[in-house]
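Asker: Encoded as structure tokens, here's the structure I'll be asking about.
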Amino acid sequence: MPNETIEKLKEKYGSVLKLTSEDQLTNVYCRKPSFTTFLNYQDKYKDNPHEAILFLFQECVLDKEIYDDEFMLSAGNSIVSMIKKDSEFAIDFTPQKDEFKKSAALIRYAFKIDPYQLAMDEFYKLLEEALWLQKHKETRLENTFITAFAKTFSN
């Protein structure tokens, strides 16, 4: 794929992943999945992991060519491992599935954007920032109460 095309894809999708087969003969360019795609993947994974990984690959691949199952599974697993890496951040561990909606609500409230359309790495970056903002706001409120009580009861 020419560099100009890759640059256009990066402009449209943000980060673009290049996945290569072990024999170096097959290359594919993928975007990181959106949060909605990841939730759909998780739902499908319960019933059929094989189909879920193929679904994830097909949702993320940017060139709609025909690839063999083994390559699609390998590439899909690579995408899943990238999602796991993206989901690691310092404030708290990755929320459990029932916590995803709370996380999305926090991002929506803090940044006024639709978190379900974000790539996973961006989702977790914004979640980390939203959690920091929430923690900072609570600390400021606590300091305000301490100051108010000190002024009230010092006289």
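Please note that chains go A, B, ... in the order of the structure tokens, that every chain numbers its residues from 1, and that ligands are numbered from 1 in the order shown.
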With only C-alpha atoms counted and 6 Å as the cut-off, give the residues of range 73-141 of chain A in contact with range 26-44 of chain A, each with its shortest interatomic distance in Å and the pair that gives it, as CSV.
Answerer:
```
residue,atom,partner,partner_atom,distance
A:Tyr116,CA,A:Phe35,CA,4.6
A:Gln117,CA,A:Ser34,CA,5.3
A:Leu118,CA,A:Ser34,CA,5.1
A:Ala119,CA,A:Ser34,CA,4.3
A:Met120,CA,A:Phe35,CA,5.9
```
Asker: Which residues are close to range 62-74 of chain A, i.e. within 12 Å by only C-alpha atoms, leaving aside same-chain residues fewer than 5 positions away? Reply as an MDAnalysis selection string.
Answerer: chainID A and resid 1 5:6 8:10 12:13 15:33 49:57 79:81
Asker: Could those selected residues go to a file with C-alpha atoms, as a CSV table (one decimal), in the first residue's frame?
Answerer:
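The result, written out as part-v7.csv:
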```
chain,number,residue,atom,x,y,z
A,1,MET,CA,0.0,0.0,0.0
A,5,THR,CA,-2.9,5.9,1.1
A,6,ILE,CA,-1.7,5.0,4.6
A,8,LYS,CA,-5.1,9.2,4.3
A,9,LEU,CA,-6.2,6.2,6.4
A,10,LYS,CA,-4.4,7.6,9.4
A,12,LYS,CA,-9.6,9.1,8.7
A,13,TYR,CA,-9.1,6.5,11.5
A,15,SER,CA,-3.9,5.0,14.2
A,16,VAL,CA,-3.6,2.3,11.6
A,17,LEU,CA,-2.3,-1.2,12.5
A,18,LYS,CA,-0.1,-3.2,10.0
A,19,LEU,CA,-0.4,-6.9,10.7
A,20,THR,CA,1.8,-9.3,8.9
A,21,SER,CA,1.7,-13.1,8.6
A,22,GLU,CA,4.5,-15.3,10.0
A,23,ASP,CA,5.8,-16.0,6.5
A,24,GLN,CA,5.9,-12.3,5.7
A,25,LEU,CA,3.8,-12.8,2.6
A,26,THR,CA,0.5,-11.3,3.8
A,27,ASN,CA,0.1,-7.8,5.1
A,28,VAL,CA,-3.2,-6.2,6.2
A,29,TYR,CA,-4.0,-2.7,7.5
A,30,CYS,CA,-6.6,-2.4,10.3
A,31,ARG,CA,-8.0,0.3,12.4
A,32,LYS,CA,-8.5,-0.1,16.1
A,33,PRO,CA,-12.0,-1.2,16.9
A,49,PRO,CA,-15.0,-17.4,20.2
A,50,HIS,CA,-13.9,-18.4,16.7
A,51,GLU,CA,-16.7,-16.4,15.0
A,52,ALA,CA,-16.2,-13.5,17.4
A,53,ILE,CA,-12.5,-13.1,16.5
A,54,LEU,CA,-13.4,-13.3,12.8
A,55,PHE,CA,-16.0,-10.7,13.4
A,56,LEU,CA,-13.5,-8.4,15.0
A,57,PHE,CA,-11.0,-8.8,12.2
A,79,ILE,CA,-6.1,-6.9,17.8
A,80,VAL,CA,-7.5,-8.3,21.0
A,81,SER,CA,-4.0,-8.2,22.6
```
Asker: Once DSSP has gone over the backbone, tell me which residues of chain A are in strand (DSSP E), as a ChimeraX atom specification.
Answerer: /A:16-20,27-31
Asker: Write the residues of the selection above to a file with N, CA, C and O atoms, as a compact mmCIF listing (two decimals), in the first residue's frame.
Answerer:
```
# COMPACT_ATOMS: atom_id res chain seq x y z
N VAL A 16 -3.41 3.39 12.53
CA VAL A 16 -3.62 2.27 11.61
C VAL A 16 -2.61 1.19 11.97
O VAL A 16 -1.43 1.46 12.15
N LEU A 17 -3.10 -0.03 12.10
CA LEU A 17 -2.26 -1.16 12.47
C LEU A 17 -1.85 -1.94 11.22
O LEU A 17 -2.69 -2.19 10.35
N LYS A 18 -0.59 -2.30 11.13
CA LYS A 18 -0.14 -3.15 10.03
C LYS A 18 0.15 -4.52 10.64
O LYS A 18 1.02 -4.67 11.49
N LEU A 19 -0.61 -5.52 10.20
CA LEU A 19 -0.43 -6.89 10.69
C LEU A 19 0.14 -7.73 9.56
O LEU A 19 -0.32 -7.65 8.43
N THR A 20 1.15 -8.54 9.89
CA THR A 20 1.85 -9.34 8.90
C THR A 20 1.80 -10.81 9.31
O THR A 20 1.93 -11.13 10.49
N ASN A 27 0.17 -8.99 4.25
CA ASN A 27 0.07 -7.79 5.08
C ASN A 27 -1.36 -7.30 5.04
O ASN A 27 -2.02 -7.38 4.00
N VAL A 28 -1.82 -6.77 6.16
CA VAL A 28 -3.15 -6.20 6.21
C VAL A 28 -3.10 -4.97 7.09
O VAL A 28 -2.34 -4.90 8.06
N TYR A 29 -3.89 -3.98 6.73
CA TYR A 29 -3.99 -2.75 7.52
C TYR A 29 -5.35 -2.73 8.19
O TYR A 29 -6.38 -2.96 7.55
N CYS A 30 -5.33 -2.46 9.49
CA CYS A 30 -6.56 -2.44 10.29
C CYS A 30 -6.63 -1.16 11.10
O CYS A 30 -5.61 -0.57 11.43
N ARG A 31 -7.84 -0.78 11.43
CA ARG A 31 -8.03 0.31 12.39
C ARG A 31 -8.31 -0.32 13.74
O ARG A 31 -8.66 -1.50 13.82
```
Asker: Looking at A:Leu126, A:Ser78, A:Lys85, A:Lys135, which one is nearest to Arg108 in chain A, with distances taken over only C-alpha atoms?
Answerer: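 Ranked by minimum distance to Arg108 in chain A, first place goes to A:Leu126.
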Asker: When you draw a straight line from CA of Phe111 in chain A to CA of Leu133 in chain A, how long is it in Å?
Answerer: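 Value for the CA of Phe111 in chain A-CA of Leu133 in chain A distance: 10.7 Å.
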Asker: When you draw a straight line from CA of Cys60 in chain A to CA of Ser103 in chain A, how long is it in Å?
Answerer: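 Rounded to one decimal, the two atoms are 22.8 Å apart.
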Asker: Quick one: of A:Leu127, A:Lys46, A:Ile83, A:Gln134, who's nearest to Ile113 in chain A, counting only C-alpha atoms?
Answerer: A:Leu127
Asker: I'd like the interatomic distance between CA of Ala110 in chain A and CA of Glu142 in chain A, to a tenth of an Å.
Answerer: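 The value is 19.8 Å.
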